[in-house]
>>> print(open('target.cif').read())   # mmCIF, C-alpha atoms
data_entry
loop_
_atom_site.label_atom_id
_atom_site.label_comp_id
_atom_site.auth_asym_id
_atom_site.auth_seq_id
_atom_site.Cartn_x
_atom_site.Cartn_y
_atom_site.Cartn_z
CA MET A 1 124.48 85.85 54.47
CA ILE A 2 126.22 82.70 55.69
CA LYS A 3 126.92 81.66 52.08
CA PHE A 4 128.35 85.14 51.42
CA PHE A 5 130.82 84.92 54.33
CA ARG A 6 131.70 81.34 53.39
CA LYS A 7 132.49 82.42 49.80
CA ILE A 8 134.75 85.25 51.01
CA ARG A 9 136.52 82.84 53.36
CA GLN A 10 137.00 80.29 50.58
CA ASN A 11 138.41 82.92 48.19
CA MET A 12 140.95 84.01 50.78
CA ILE A 13 142.08 80.43 51.34
CA ASN A 14 142.39 79.84 47.58
CA GLU A 15 144.41 83.04 47.18
CA ASN A 16 146.65 81.95 50.09
CA LYS A 17 146.01 85.15 52.00
CA ALA A 18 146.47 83.58 55.44
CA SER A 19 146.97 86.81 57.39
CA LYS A 20 143.87 88.42 55.90
CA TYR A 21 141.91 85.24 56.50
CA LEU A 22 142.96 85.23 60.14
CA LEU A 23 141.84 88.83 60.57
CA TYR A 24 138.59 88.04 58.83
CA ALA A 25 138.00 85.01 61.07
CA ILE A 26 138.61 87.08 64.18
CA GLY A 27 136.27 89.76 62.88
CA GLU A 28 133.63 87.16 62.19
CA ILE A 29 133.95 85.82 65.74
CA VAL A 30 133.67 89.35 67.12
CA LEU A 31 130.53 89.94 65.09
CA VAL A 32 129.02 86.69 66.37
CA VAL A 33 129.86 87.64 69.97
CA ILE A 34 128.38 91.12 69.48
CA GLY A 35 125.24 89.55 68.01
CA ILE A 36 124.93 87.23 71.02
CA LEU A 37 125.44 90.11 73.46
CA ILE A 38 122.81 92.21 71.68
CA ALA A 39 120.37 89.30 71.79
CA LEU A 40 121.06 88.77 75.50
CA ASN A 41 120.58 92.46 76.22
CA ILE A 42 117.29 92.50 74.34
CA ASN A 43 116.15 89.40 76.23
CA ASN A 44 117.26 90.90 79.56
CA TYR A 45 115.44 94.14 78.71
CA ASN A 46 112.24 92.27 77.87
CA THR A 47 112.49 90.20 81.06
CA SER A 48 113.21 93.29 83.15
CA ASN A 49 110.33 95.14 81.51
CA GLN A 50 107.93 92.27 82.24
CA GLN A 51 109.11 92.09 85.87
CA ARG A 52 108.66 95.84 86.27
CA LYS A 53 105.11 95.64 84.93
CA LYS A 54 104.39 92.82 87.37
CA GLU A 55 105.98 94.79 90.21
CA LEU A 56 103.86 97.88 89.46
CA HIS A 57 100.76 95.69 89.32
CA TYR A 58 101.56 94.31 92.77
CA LEU A 59 102.26 97.81 94.10
CA LYS A 60 98.92 99.04 92.79
CA ASN A 61 97.12 96.20 94.58
CA ILE A 62 99.12 96.79 97.76
CA LYS A 63 98.04 100.43 97.70
CA THR A 64 94.41 99.35 97.40
CA ASP A 65 94.86 97.05 100.41
CA LEU A 66 96.55 99.83 102.38
CA LYS A 67 93.66 102.25 101.83
CA LEU A 68 91.18 99.62 102.99
CA ASN A 69 93.42 98.80 105.93
CA ILE A 70 93.58 102.44 107.05
CA ALA A 71 89.77 102.64 107.17
CA HIS A 72 89.76 99.32 109.05
CA LEU A 73 92.37 100.62 111.51
CA ASP A 74 90.41 103.83 112.11
CA THR A 75 87.34 101.78 113.04
CA TYR A 76 89.27 99.66 115.52
CA ILE A 77 91.11 102.63 117.03
CA ALA A 78 87.77 104.37 117.62
CA THR A 79 86.18 101.21 119.03
CA ARG A 80 89.05 100.55 121.40
CA THR A 81 89.14 104.18 122.50
CA THR A 82 85.47 103.78 123.41
CA ALA A 83 86.31 100.58 125.30
CA ILE A 84 89.08 102.35 127.24
CA ASN A 85 86.64 105.11 128.22
CA SER A 86 84.06 102.50 129.25
CA ALA A 87 86.59 100.59 131.36
CA ASN A 88 87.68 103.79 133.11
CA THR A 89 84.03 104.64 133.81
CA VAL A 90 83.45 101.21 135.36
CA ILE A 91 86.61 101.54 137.47
CA ASN A 92 85.36 104.89 138.79
CA HIS A 93 82.23 103.12 140.07
CA TYR A 94 84.41 100.48 141.74
CA GLU A 95 86.16 103.33 143.52
CA GLY A 96 83.03 104.93 144.92
CA GLU A 97 81.32 106.94 142.20
CA PRO A 98 77.57 106.20 142.47
CA ILE A 99 75.72 104.61 139.55
CA THR A 100 73.01 107.00 138.35
CA ASP A 101 71.92 105.04 135.26
CA LEU A 102 72.07 101.23 135.41
CA LYS A 103 71.50 100.81 131.69
CA VAL A 104 74.38 103.12 130.79
CA PHE A 105 76.59 101.33 133.32
CA SER A 106 75.70 97.93 131.84
CA ILE A 107 76.55 99.20 128.35
CA HIS A 108 80.00 100.23 129.57
CA THR A 109 80.63 96.76 130.98
CA VAL A 110 79.49 94.97 127.82
CA ASN A 111 81.71 97.27 125.72
CA ILE A 112 84.62 95.43 127.33
CA TYR A 113 83.08 91.96 127.15
CA THR A 114 82.38 92.24 123.42
CA TRP A 115 85.84 93.29 122.18
CA GLN A 116 86.98 91.84 118.83
CA LYS A 117 90.32 90.81 117.41
CA PHE A 118 91.84 92.91 114.65
CA SER A 119 92.67 91.33 111.28
CA GLN A 120 94.62 93.49 108.88
CA ILE A 121 93.87 93.67 105.15
CA ASN A 122 97.08 92.57 103.43
CA ASN A 123 95.99 90.05 100.79
CA THR A 124 98.51 91.21 98.19
CA PHE A 125 101.43 91.07 100.62
CA GLN A 126 100.45 87.53 101.61
CA GLU A 127 100.26 86.60 97.92
CA LEU A 128 103.79 87.95 97.43
CA LEU A 129 105.06 85.89 100.35
CA ASN A 130 103.28 82.68 99.40
CA SER A 131 104.28 82.89 95.72
CA GLY A 132 107.90 83.78 96.45
CA ASN A 133 107.49 87.01 94.48
CA LEU A 134 108.47 89.41 97.26
CA ALA A 135 111.82 89.85 95.48
CA LEU A 136 109.92 91.61 92.67
CA ILE A 137 109.59 94.63 94.97
CA SER A 138 112.80 96.45 94.10
CA ASN A 139 112.35 99.40 96.46
CA ASP A 140 113.96 98.35 99.74
CA SER A 141 112.05 100.98 101.73
CA ILE A 142 108.72 99.54 100.56
CA LYS A 143 109.81 95.97 101.16
CA ASN A 144 111.23 96.68 104.63
CA THR A 145 108.18 98.68 105.71
CA LEU A 146 105.90 95.83 104.63
CA LEU A 147 107.98 93.37 106.63
CA ASN A 148 108.12 95.68 109.65
CA MET A 149 104.36 96.11 109.55
CA GLU A 150 103.93 92.33 109.48
CA SER A 151 106.20 92.07 112.53
CA LEU A 152 104.17 94.75 114.34
CA TYR A 153 100.96 92.90 113.44
CA LYS A 154 102.33 89.74 115.09
CA SER A 155 103.11 91.77 118.23
CA LEU A 156 99.53 93.05 118.20
CA LYS A 157 98.20 89.49 117.97
CA ASP A 158 100.34 88.55 120.97
CA GLU A 159 98.86 91.47 122.92
CA GLU A 160 95.35 90.40 121.95
CA ALA A 161 96.07 86.84 123.10
CA HIS A 162 97.34 88.24 126.41
CA PHE A 163 94.16 90.25 126.96
CA ARG A 164 91.99 87.33 125.89
CA TYR A 165 93.51 85.29 128.72
CA ASP A 166 93.13 88.12 131.25
CA ALA A 167 89.51 88.71 130.19
CA GLU A 168 88.59 85.04 130.52
CA VAL A 169 90.10 84.75 134.00
CA MET A 170 89.21 88.15 135.49
CA LEU A 171 86.03 89.16 133.65
CA TYR A 172 84.11 86.39 131.93
CA GLU A 173 84.38 83.58 134.49
CA PRO A 174 83.50 85.60 137.64
CA SER A 175 80.76 87.70 136.02
CA PHE A 176 79.13 84.69 134.38
CA ASP A 177 79.08 82.93 137.76
CA MET A 178 77.52 85.75 139.76
CA MET A 179 75.30 87.63 137.29
CA ASP A 180 72.30 86.92 135.09
CA MET A 181 73.68 88.25 131.80
CA ASN A 182 70.47 87.95 129.78
CA PRO A 183 68.81 91.26 130.78
CA ILE A 184 72.17 93.03 130.42
CA VAL A 185 72.79 91.59 126.95
CA GLN A 186 69.18 92.25 125.88
CA ASN A 187 69.55 95.90 126.86
CA TYR A 188 72.88 96.16 125.08
CA MET A 189 71.45 94.70 121.87
CA TYR A 190 68.46 97.06 122.11
CA TYR A 191 70.78 100.06 122.55
CA MET A 192 73.24 99.10 119.79
CA SER A 193 70.49 98.32 117.26
CA LYS A 194 68.42 101.38 118.22
CA GLY A 195 65.50 99.16 119.14
CA ALA A 196 65.71 96.78 116.19
CA ALA A 197 66.94 93.87 118.35
CA GLY A 198 67.02 92.87 122.00
CA GLU A 199 64.66 94.21 124.66
CA ASN A 200 64.50 97.33 126.78
CA ARG A 201 64.71 95.49 130.11
CA ASP A 202 64.60 96.99 133.61
CA LEU A 203 67.78 96.38 135.56
CA SER A 204 68.28 96.11 139.30
CA VAL A 205 71.21 97.55 141.24
CA ASP A 206 71.34 94.19 143.03
CA GLN A 207 72.61 92.64 139.80
CA PHE A 208 75.76 94.73 140.03
CA ASP A 209 76.39 94.80 143.80
CA ALA A 210 78.40 91.58 143.84
CA MET A 211 80.31 92.64 140.76
CA LEU A 212 81.36 95.96 142.29
CA LYS A 213 82.70 94.15 145.35
CA ASP A 214 84.79 91.72 143.31
CA THR A 215 88.44 92.83 143.15
CA LYS A 216 89.23 90.30 140.43
CA GLN A 217 86.71 91.89 138.06
CA LYS A 218 87.97 95.37 138.90
CA ASN A 219 91.47 94.22 137.96
CA GLY A 220 90.05 92.88 134.70
CA PHE A 221 88.81 96.37 133.80
CA VAL A 222 92.15 97.86 134.88
CA MET A 223 93.97 95.47 132.53
CA ALA A 224 91.49 96.34 129.78
CA VAL A 225 92.50 100.01 130.03
CA TYR A 226 96.20 99.12 129.91
CA GLU A 227 96.08 96.48 127.17
CA PHE A 228 93.63 98.31 124.91
CA SER A 229 95.90 101.37 125.20
CA VAL A 230 98.89 99.26 124.10
CA MET A 231 96.87 97.81 121.22
CA ASN A 232 95.73 101.27 120.13
CA GLU A 233 99.32 102.50 119.98
CA GLN A 234 100.20 99.49 117.81
CA LEU A 235 97.21 100.20 115.55
CA LYS A 236 98.27 103.84 115.21
CA GLN A 237 101.81 102.76 114.29
CA MET A 238 100.38 100.45 111.64
CA LYS A 239 98.29 103.29 110.25
CA THR A 240 101.40 105.50 110.02
CA MET A 241 103.23 102.72 108.18
CA CYS A 242 100.31 102.36 105.75
CA GLU A 243 100.39 106.08 105.00
CA GLN A 244 104.17 106.00 104.48
CA LEU A 245 103.85 103.06 102.12
CA ILE A 246 101.24 104.83 100.02
CA VAL A 247 103.62 107.78 99.54
CA LEU A 248 106.48 105.42 98.59
CA ILE A 249 104.28 103.54 96.12
CA ASP A 250 103.03 106.78 94.54
CA ASN A 251 106.67 107.80 93.99
CA GLU A 252 107.29 104.49 92.17
CA HIS A 253 104.58 105.33 89.64
CA LYS A 254 105.99 108.77 88.78
#
>>> encode(input="target.cif", output="structure tokens")
Amino acid sequence: MIKFFRKIRQNMINENKASKYLLYAIGEIVLVVIGILIALNINNYNTSNQQRKKELHYLKNIKTDLKLNIAHLDTYIATRTTAINSANTVINHYEGEPITDLKVFSIHTVNIYTWQKFSQINNTFQELLNSGNLALISNDSIKNTLLNMESLYKSLKDEEAHFRYDAEVMLYEPSFDMMDMNPIVQNYMYYMSKGAAGENRDLSVDQFDAMLKDTKQKNGFVMAVYEFSVMNEQLKQMKTMCEQLIVLIDNEHK
């Protein structure tokens, strides 16, 4: 092809057809430019197509994480709701309600002592951040919701740290000083494992008398009600965000 164009060009020069040669040269340049633009467009299309495939792969994995996270959130919401109910029950005994079952009362107290921190399931999002590939997510609503959920998660961790401090000062330190925790913990393990672990120990009301006269510990249970309620609202917000993200991701695959 190059030899063909060169021969035409040479013939025009030999025939002294300068004006036609000039038009031909311009046309040849235009063809070259068009060829370059077509090649660039094909390359851009291939690159864009590869990025889209990678984006959809990430979105699929994010959706998997979100479903797991929702189940995880439901477990923690239920557990912390139980802890709130336990703390309120203990507070009622501080305020005069008689204890009719020491073992049940001890279970309510340990429900607060044994709280656990929440860790969300967001492996794919962390991979996007660490690899610098977050820009692959082209849907701004998905990207912003992921970032907002990460911000809410950090707020939740701050709330957990706040309660951890309150629990250490107002619950753990005073109760560990004034109570023999072994029979209480043995009973709790026995109850939680349905007899597979721990021991069914007898408890004495004397073990709890000092506790029920300690205002600091009462305040610890009061703060447990408040802070677990705040945490639960944050967990519910995160669950709502997860559900919204799943809908947005499903729309991306249509």
>>> atom_distance(input="target.cif", atom1="atom CA of Glu199 of chain A", atom2="atom CA of Gln186 of chain A")
5.1 Å
>>> atom_distance(input="target.cif", atom1="atom CA of Gly132 of chain A", atom2="atom CA of Leu147 of chain A")
14.0 Å
>>> closest_residue(input="target.cif", among="A:Ser119, A:Thr81, A:Asn251, A:Ser175", to="Ala210 of chain A", atoms="all atoms listed in the file")
A:Ser175
>>> closest_residue(input="target.cif", among="A:Tyr172, A:Tyr165, A:Phe208, A:Phe125", to="Lys60 of chain A", atoms="only C-alpha atoms")
A:Phe125
>>> residues_around(input="target.cif", residues="Tyr226 of chain A", least_positions_apart="3", cutoff="12 Å", atoms="all atoms listed in the file", output="list in words")
Arg80, Thr81, Ala83, Ile84, Asn85, Ala87, Asn88, Glu159, Glu160, His162, Phe163, Asp166, Asn219, Gly220, Phe221, Val222, Met223, Ser229, Val230, Met231, Asn232 and Glu233 of chain A
>>> residues_around(input="target.cif", residues="Thr75 of chain A", least_positions_apart="3", cutoff="12 Å", atoms="only C-alpha atoms", output="list in words")
Leu68, Asn69, Ile70, Ala71, His72, Ala78, Thr79, Arg80, Thr81, Thr82, Gln116, Phe118, Ser119, Gln120, Asn232, Leu235, Lys236 and Lys239 of chain A
>>> resolve_selection(input="target.cif", expression="the PyMOL selection byres ((chain A and resi 66) around 9)", output="MDAnalysis selection string")
chainID A and resid 61:65 67:71 121:122 239 242:243 245:246
>>> atom_distance(input="target.cif", atom1="atom CA of Gly96 of chain A", atom2="atom CA of Ile184 of chain A")
21.7 Å
>>> resolve_selection(input="target.cif", expression="the PyMOL selection byres ((chain A and resi 202) around 10)", output="mmCIF file with C-alpha atoms, in the frame of the given file")
data_model
loop_
_atom_site.group_PDB
_atom_site.id
_atom_site.type_symbol
_atom_site.label_atom_id
_atom_site.label_comp_id
_atom_site.auth_asym_id
_atom_site.auth_seq_id
_atom_site.Cartn_x
_atom_site.Cartn_y
_atom_site.Cartn_z
ATOM 1 C CA LEU A 102 72.070 101.230 135.410
ATOM 2 C CA LYS A 103 71.500 100.810 131.690
ATOM 3 C CA PRO A 183 68.810 91.260 130.780
ATOM 4 C CA ILE A 184 72.170 93.030 130.420
ATOM 5 C CA ASN A 187 69.550 95.900 126.860
ATOM 6 C CA GLU A 199 64.660 94.210 124.660
ATOM 7 C CA ASN A 200 64.500 97.330 126.780
ATOM 8 C CA ARG A 201 64.710 95.490 130.110
ATOM 9 C CA LEU A 203 67.780 96.380 135.560
ATOM 10 C CA SER A 204 68.280 96.110 139.300
#
>>> resolve_selection(input="target.cif", expression="the PyMOL selection byres ((chain A and resi 108) around 8)", output="PyMOL selection string")
chain A and resi 83+86-87+89-90+104-107+109-112
>>> decode(input="target.cif", residues="segment 48-98 of chain A", atoms="N, CA and C atoms", output="PDB file, in the first residue's frame")
ATOM      1  N   SER A  48     -11.456   0.795  28.299  1.00  0.00           N
ATOM      2  CA  SER A  48     -12.703   1.053  29.024  1.00  0.00           C
ATOM      3  C   SER A  48     -13.448  -0.239  29.304  1.00  0.00           C
ATOM      4  N   ASN A  49     -13.453  -1.132  28.331  1.00  0.00           N
ATOM      5  CA  ASN A  49     -14.138  -2.421  28.497  1.00  0.00           C
ATOM      6  C   ASN A  49     -13.472  -3.249  29.588  1.00  0.00           C
ATOM      7  N   GLN A  50     -12.157  -3.247  29.624  1.00  0.00           N
ATOM      8  CA  GLN A  50     -11.424  -3.986  30.659  1.00  0.00           C
ATOM      9  C   GLN A  50     -11.698  -3.396  32.042  1.00  0.00           C
ATOM     10  N   GLN A  51     -11.717  -2.047  32.113  1.00  0.00           N
ATOM     11  CA  GLN A  51     -11.988  -1.387  33.393  1.00  0.00           C
ATOM     12  C   GLN A  51     -13.402  -1.684  33.874  1.00  0.00           C
ATOM     13  N   ARG A  52     -14.340  -1.713  32.943  1.00  0.00           N
ATOM     14  CA  ARG A  52     -15.728  -2.005  33.309  1.00  0.00           C
ATOM     15  C   ARG A  52     -15.853  -3.421  33.842  1.00  0.00           C
ATOM     16  N   LYS A  53     -15.180  -4.376  33.207  1.00  0.00           N
ATOM     17  CA  LYS A  53     -15.198  -5.752  33.689  1.00  0.00           C
ATOM     18  C   LYS A  53     -14.617  -5.841  35.100  1.00  0.00           C
ATOM     19  N   LYS A  54     -13.526  -5.088  35.306  1.00  0.00           N
ATOM     20  CA  LYS A  54     -12.899  -5.088  36.630  1.00  0.00           C
ATOM     21  C   LYS A  54     -13.825  -4.439  37.658  1.00  0.00           C
ATOM     22  N   GLU A  55     -14.489  -3.351  37.240  1.00  0.00           N
ATOM     23  CA  GLU A  55     -15.426  -2.672  38.134  1.00  0.00           C
ATOM     24  C   GLU A  55     -16.565  -3.597  38.537  1.00  0.00           C
ATOM     25  N   LEU A  56     -17.157  -4.303  37.567  1.00  0.00           N
ATOM     26  CA  LEU A  56     -18.266  -5.213  37.862  1.00  0.00           C
ATOM     27  C   LEU A  56     -17.813  -6.366  38.754  1.00  0.00           C
ATOM     28  N   HIS A  57     -16.571  -6.793  38.572  1.00  0.00           N
ATOM     29  CA  HIS A  57     -16.022  -7.848  39.445  1.00  0.00           C
ATOM     30  C   HIS A  57     -15.933  -7.348  40.887  1.00  0.00           C
ATOM     31  N   TYR A  58     -15.437  -6.129  41.050  1.00  0.00           N
ATOM     32  CA  TYR A  58     -15.368  -5.542  42.392  1.00  0.00           C
ATOM     33  C   TYR A  58     -16.768  -5.385  42.997  1.00  0.00           C
ATOM     34  N   LEU A  59     -17.713  -4.908  42.187  1.00  0.00           N
ATOM     35  CA  LEU A  59     -19.071  -4.708  42.679  1.00  0.00           C
ATOM     36  C   LEU A  59     -19.710  -6.022  43.116  1.00  0.00           C
ATOM     37  N   LYS A  60     -19.438  -7.081  42.364  1.00  0.00           N
ATOM     38  CA  LYS A  60     -19.950  -8.399  42.740  1.00  0.00           C
ATOM     39  C   LYS A  60     -19.397  -8.823  44.102  1.00  0.00           C
ATOM     40  N   ASN A  61     -18.105  -8.610  44.307  1.00  0.00           N
ATOM     41  CA  ASN A  61     -17.485  -8.981  45.580  1.00  0.00           C
ATOM     42  C   ASN A  61     -17.965  -8.092  46.728  1.00  0.00           C
ATOM     43  N   ILE A  62     -18.188  -6.812  46.422  1.00  0.00           N
ATOM     44  CA  ILE A  62     -18.731  -5.903  47.444  1.00  0.00           C
ATOM     45  C   ILE A  62     -20.109  -6.372  47.878  1.00  0.00           C
ATOM     46  N   LYS A  63     -20.920  -6.786  46.909  1.00  0.00           N
ATOM     47  CA  LYS A  63     -22.264  -7.277  47.237  1.00  0.00           C
ATOM     48  C   LYS A  63     -22.192  -8.504  48.143  1.00  0.00           C
ATOM     49  N   THR A  64     -21.259  -9.389  47.864  1.00  0.00           N
ATOM     50  CA  THR A  64     -21.077 -10.574  48.722  1.00  0.00           C
ATOM     51  C   THR A  64     -20.723 -10.149  50.144  1.00  0.00           C
ATOM     52  N   ASP A  65     -19.797  -9.188  50.258  1.00  0.00           N
ATOM     53  CA  ASP A  65     -19.418  -8.670  51.581  1.00  0.00           C
ATOM     54  C   ASP A  65     -20.617  -8.047  52.294  1.00  0.00           C
ATOM     55  N   LEU A  66     -21.423  -7.295  51.543  1.00  0.00           N
ATOM     56  CA  LEU A  66     -22.572  -6.602  52.133  1.00  0.00           C
ATOM     57  C   LEU A  66     -23.581  -7.592  52.700  1.00  0.00           C
ATOM     58  N   LYS A  67     -23.832  -8.677  51.985  1.00  0.00           N
ATOM     59  CA  LYS A  67     -24.775  -9.688  52.479  1.00  0.00           C
ATOM     60  C   LYS A  67     -24.262 -10.320  53.771  1.00  0.00           C
ATOM     61  N   LEU A  68     -22.972 -10.628  53.797  1.00  0.00           N
ATOM     62  CA  LEU A  68     -22.373 -11.174  55.019  1.00  0.00           C
ATOM     63  C   LEU A  68     -22.428 -10.154  56.147  1.00  0.00           C
ATOM     64  N   ASN A  69     -22.200  -8.905  55.803  1.00  0.00           N
ATOM     65  CA  ASN A  69     -22.192  -7.843  56.805  1.00  0.00           C
ATOM     66  C   ASN A  69     -23.575  -7.643  57.412  1.00  0.00           C
ATOM     67  N   ILE A  70     -24.622  -7.754  56.590  1.00  0.00           N
ATOM     68  CA  ILE A  70     -25.989  -7.600  57.102  1.00  0.00           C
ATOM     69  C   ILE A  70     -26.294  -8.669  58.145  1.00  0.00           C
ATOM     70  N   ALA A  71     -25.920  -9.919  57.844  1.00  0.00           N
ATOM     71  CA  ALA A  71     -26.126 -11.009  58.815  1.00  0.00           C
ATOM     72  C   ALA A  71     -25.330 -10.742  60.091  1.00  0.00           C
ATOM     73  N   HIS A  72     -24.103 -10.238  59.919  1.00  0.00           N
ATOM     74  CA  HIS A  72     -23.243  -9.895  61.054  1.00  0.00           C
ATOM     75  C   HIS A  72     -23.875  -8.780  61.884  1.00  0.00           C
ATOM     76  N   LEU A  73     -24.399  -7.770  61.209  1.00  0.00           N
ATOM     77  CA  LEU A  73     -25.056  -6.643  61.887  1.00  0.00           C
ATOM     78  C   LEU A  73     -26.283  -7.114  62.658  1.00  0.00           C
ATOM     79  N   ASP A  74     -27.082  -7.978  62.039  1.00  0.00           N
ATOM     80  CA  ASP A  74     -28.284  -8.487  62.718  1.00  0.00           C
ATOM     81  C   ASP A  74     -27.924  -9.189  64.028  1.00  0.00           C
ATOM     82  N   THR A  75     -26.837  -9.960  63.999  1.00  0.00           N
ATOM     83  CA  THR A  75     -26.396 -10.663  65.211  1.00  0.00           C
ATOM     84  C   THR A  75     -26.031  -9.678  66.310  1.00  0.00           C
ATOM     85  N   TYR A  76     -25.271  -8.636  65.943  1.00  0.00           N
ATOM     86  CA  TYR A  76     -24.843  -7.663  66.945  1.00  0.00           C
ATOM     87  C   TYR A  76     -26.000  -6.806  67.449  1.00  0.00           C
ATOM     88  N   ILE A  77     -26.926  -6.455  66.564  1.00  0.00           N
ATOM     89  CA  ILE A  77     -28.092  -5.680  66.989  1.00  0.00           C
ATOM     90  C   ILE A  77     -28.901  -6.474  68.008  1.00  0.00           C
ATOM     91  N   ALA A  78     -29.098  -7.765  67.726  1.00  0.00           N
ATOM     92  CA  ALA A  78     -29.843  -8.618  68.650  1.00  0.00           C
ATOM     93  C   ALA A  78     -29.107  -8.772  69.981  1.00  0.00           C
ATOM     94  N   THR A  79     -27.785  -8.975  69.903  1.00  0.00           N
ATOM     95  CA  THR A  79     -26.987  -9.146  71.125  1.00  0.00           C
ATOM     96  C   THR A  79     -27.007  -7.890  71.979  1.00  0.00           C
ATOM     97  N   ARG A  80     -26.888  -6.747  71.334  1.00  0.00           N
ATOM     98  CA  ARG A  80     -26.865  -5.494  72.104  1.00  0.00           C
ATOM     99  C   ARG A  80     -28.252  -5.111  72.605  1.00  0.00           C
ATOM    100  N   THR A  81     -29.280  -5.525  71.909  1.00  0.00           N
ATOM    101  CA  THR A  81     -30.642  -5.329  72.427  1.00  0.00           C
ATOM    102  C   THR A  81     -30.827  -6.147  73.697  1.00  0.00           C
ATOM    103  N   THR A  82     -30.312  -7.373  73.676  1.00  0.00           N
ATOM    104  CA  THR A  82     -30.361  -8.215  74.877  1.00  0.00           C
ATOM    105  C   THR A  82     -29.583  -7.578  76.017  1.00  0.00           C
ATOM    106  N   ALA A  83     -28.432  -6.994  75.700  1.00  0.00           N
ATOM    107  CA  ALA A  83     -27.612  -6.344  76.733  1.00  0.00           C
ATOM    108  C   ALA A  83     -28.336  -5.133  77.317  1.00  0.00           C
ATOM    109  N   ILE A  84     -29.015  -4.375  76.470  1.00  0.00           N
ATOM    110  CA  ILE A  84     -29.781  -3.211  76.959  1.00  0.00           C
ATOM    111  C   ILE A  84     -30.869  -3.682  77.920  1.00  0.00           C
ATOM    112  N   ASN A  85     -31.578  -4.745  77.544  1.00  0.00           N
ATOM    113  CA  ASN A  85     -32.633  -5.279  78.416  1.00  0.00           C
ATOM    114  C   ASN A  85     -32.048  -5.775  79.732  1.00  0.00           C
ATOM    115  N   SER A  86     -30.878  -6.421  79.660  1.00  0.00           N
ATOM    116  CA  SER A  86     -30.225  -6.911  80.880  1.00  0.00           C
ATOM    117  C   SER A  86     -29.819  -5.751  81.788  1.00  0.00           C
ATOM    118  N   ALA A  87     -29.247  -4.714  81.193  1.00  0.00           N
ATOM    119  CA  ALA A  87     -28.815  -3.556  81.982  1.00  0.00           C
ATOM    120  C   ALA A  87     -30.015  -2.888  82.651  1.00  0.00           C
ATOM    121  N   ASN A  88     -31.113  -2.758  81.932  1.00  0.00           N
ATOM    122  CA  ASN A  88     -32.317  -2.168  82.527  1.00  0.00           C
ATOM    123  C   ASN A  88     -32.853  -3.020  83.669  1.00  0.00           C
ATOM    124  N   THR A  89     -32.772  -4.344  83.513  1.00  0.00           N
ATOM    125  CA  THR A  89     -33.215  -5.253  84.576  1.00  0.00           C
ATOM    126  C   THR A  89     -32.364  -5.078  85.826  1.00  0.00           C
ATOM    127  N   VAL A  90     -31.052  -4.980  85.641  1.00  0.00           N
ATOM    128  CA  VAL A  90     -30.147  -4.779  86.782  1.00  0.00           C
ATOM    129  C   VAL A  90     -30.431  -3.443  87.465  1.00  0.00           C
ATOM    130  N   ILE A  91     -30.653  -2.405  86.664  1.00  0.00           N
ATOM    131  CA  ILE A  91     -30.952  -1.075  87.227  1.00  0.00           C
ATOM    132  C   ILE A  91     -32.224  -1.124  88.069  1.00  0.00           C
ATOM    133  N   ASN A  92     -33.222  -1.863  87.605  1.00  0.00           N
ATOM    134  CA  ASN A  92     -34.469  -1.997  88.378  1.00  0.00           C
ATOM    135  C   ASN A  92     -34.199  -2.580  89.758  1.00  0.00           C
ATOM    136  N   HIS A  93     -33.269  -3.528  89.852  1.00  0.00           N
ATOM    137  CA  HIS A  93     -32.924  -4.104  91.157  1.00  0.00           C
ATOM    138  C   HIS A  93     -32.171  -3.096  92.014  1.00  0.00           C
ATOM    139  N   TYR A  94     -31.361  -2.247  91.393  1.00  0.00           N
ATOM    140  CA  TYR A  94     -30.711  -1.168  92.143  1.00  0.00           C
ATOM    141  C   TYR A  94     -31.758  -0.230  92.745  1.00  0.00           C
ATOM    142  N   GLU A  95     -32.864  -0.100  92.054  1.00  0.00           N
ATOM    143  CA  GLU A  95     -33.883   0.863  92.490  1.00  0.00           C
ATOM    144  C   GLU A  95     -35.003   0.221  93.299  1.00  0.00           C
ATOM    145  N   GLY A  96     -34.753  -0.976  93.819  1.00  0.00           N
ATOM    146  CA  GLY A  96     -35.672  -1.535  94.807  1.00  0.00           C
ATOM    147  C   GLY A  96     -36.390  -2.805  94.432  1.00  0.00           C
ATOM    148  N   GLU A  97     -36.375  -3.194  93.160  1.00  0.00           N
ATOM    149  CA  GLU A  97     -37.071  -4.428  92.794  1.00  0.00           C
ATOM    150  C   GLU A  97     -36.324  -5.622  93.384  1.00  0.00           C
ATOM    151  N   PRO A  98     -37.012  -6.493  94.123  1.00  0.00           N
ATOM    152  CA  PRO A  98     -36.322  -7.624  94.767  1.00  0.00           C
ATOM    153  C   PRO A  98     -35.823  -8.649  93.745  1.00  0.00           C
TER     154      PRO A  98
END
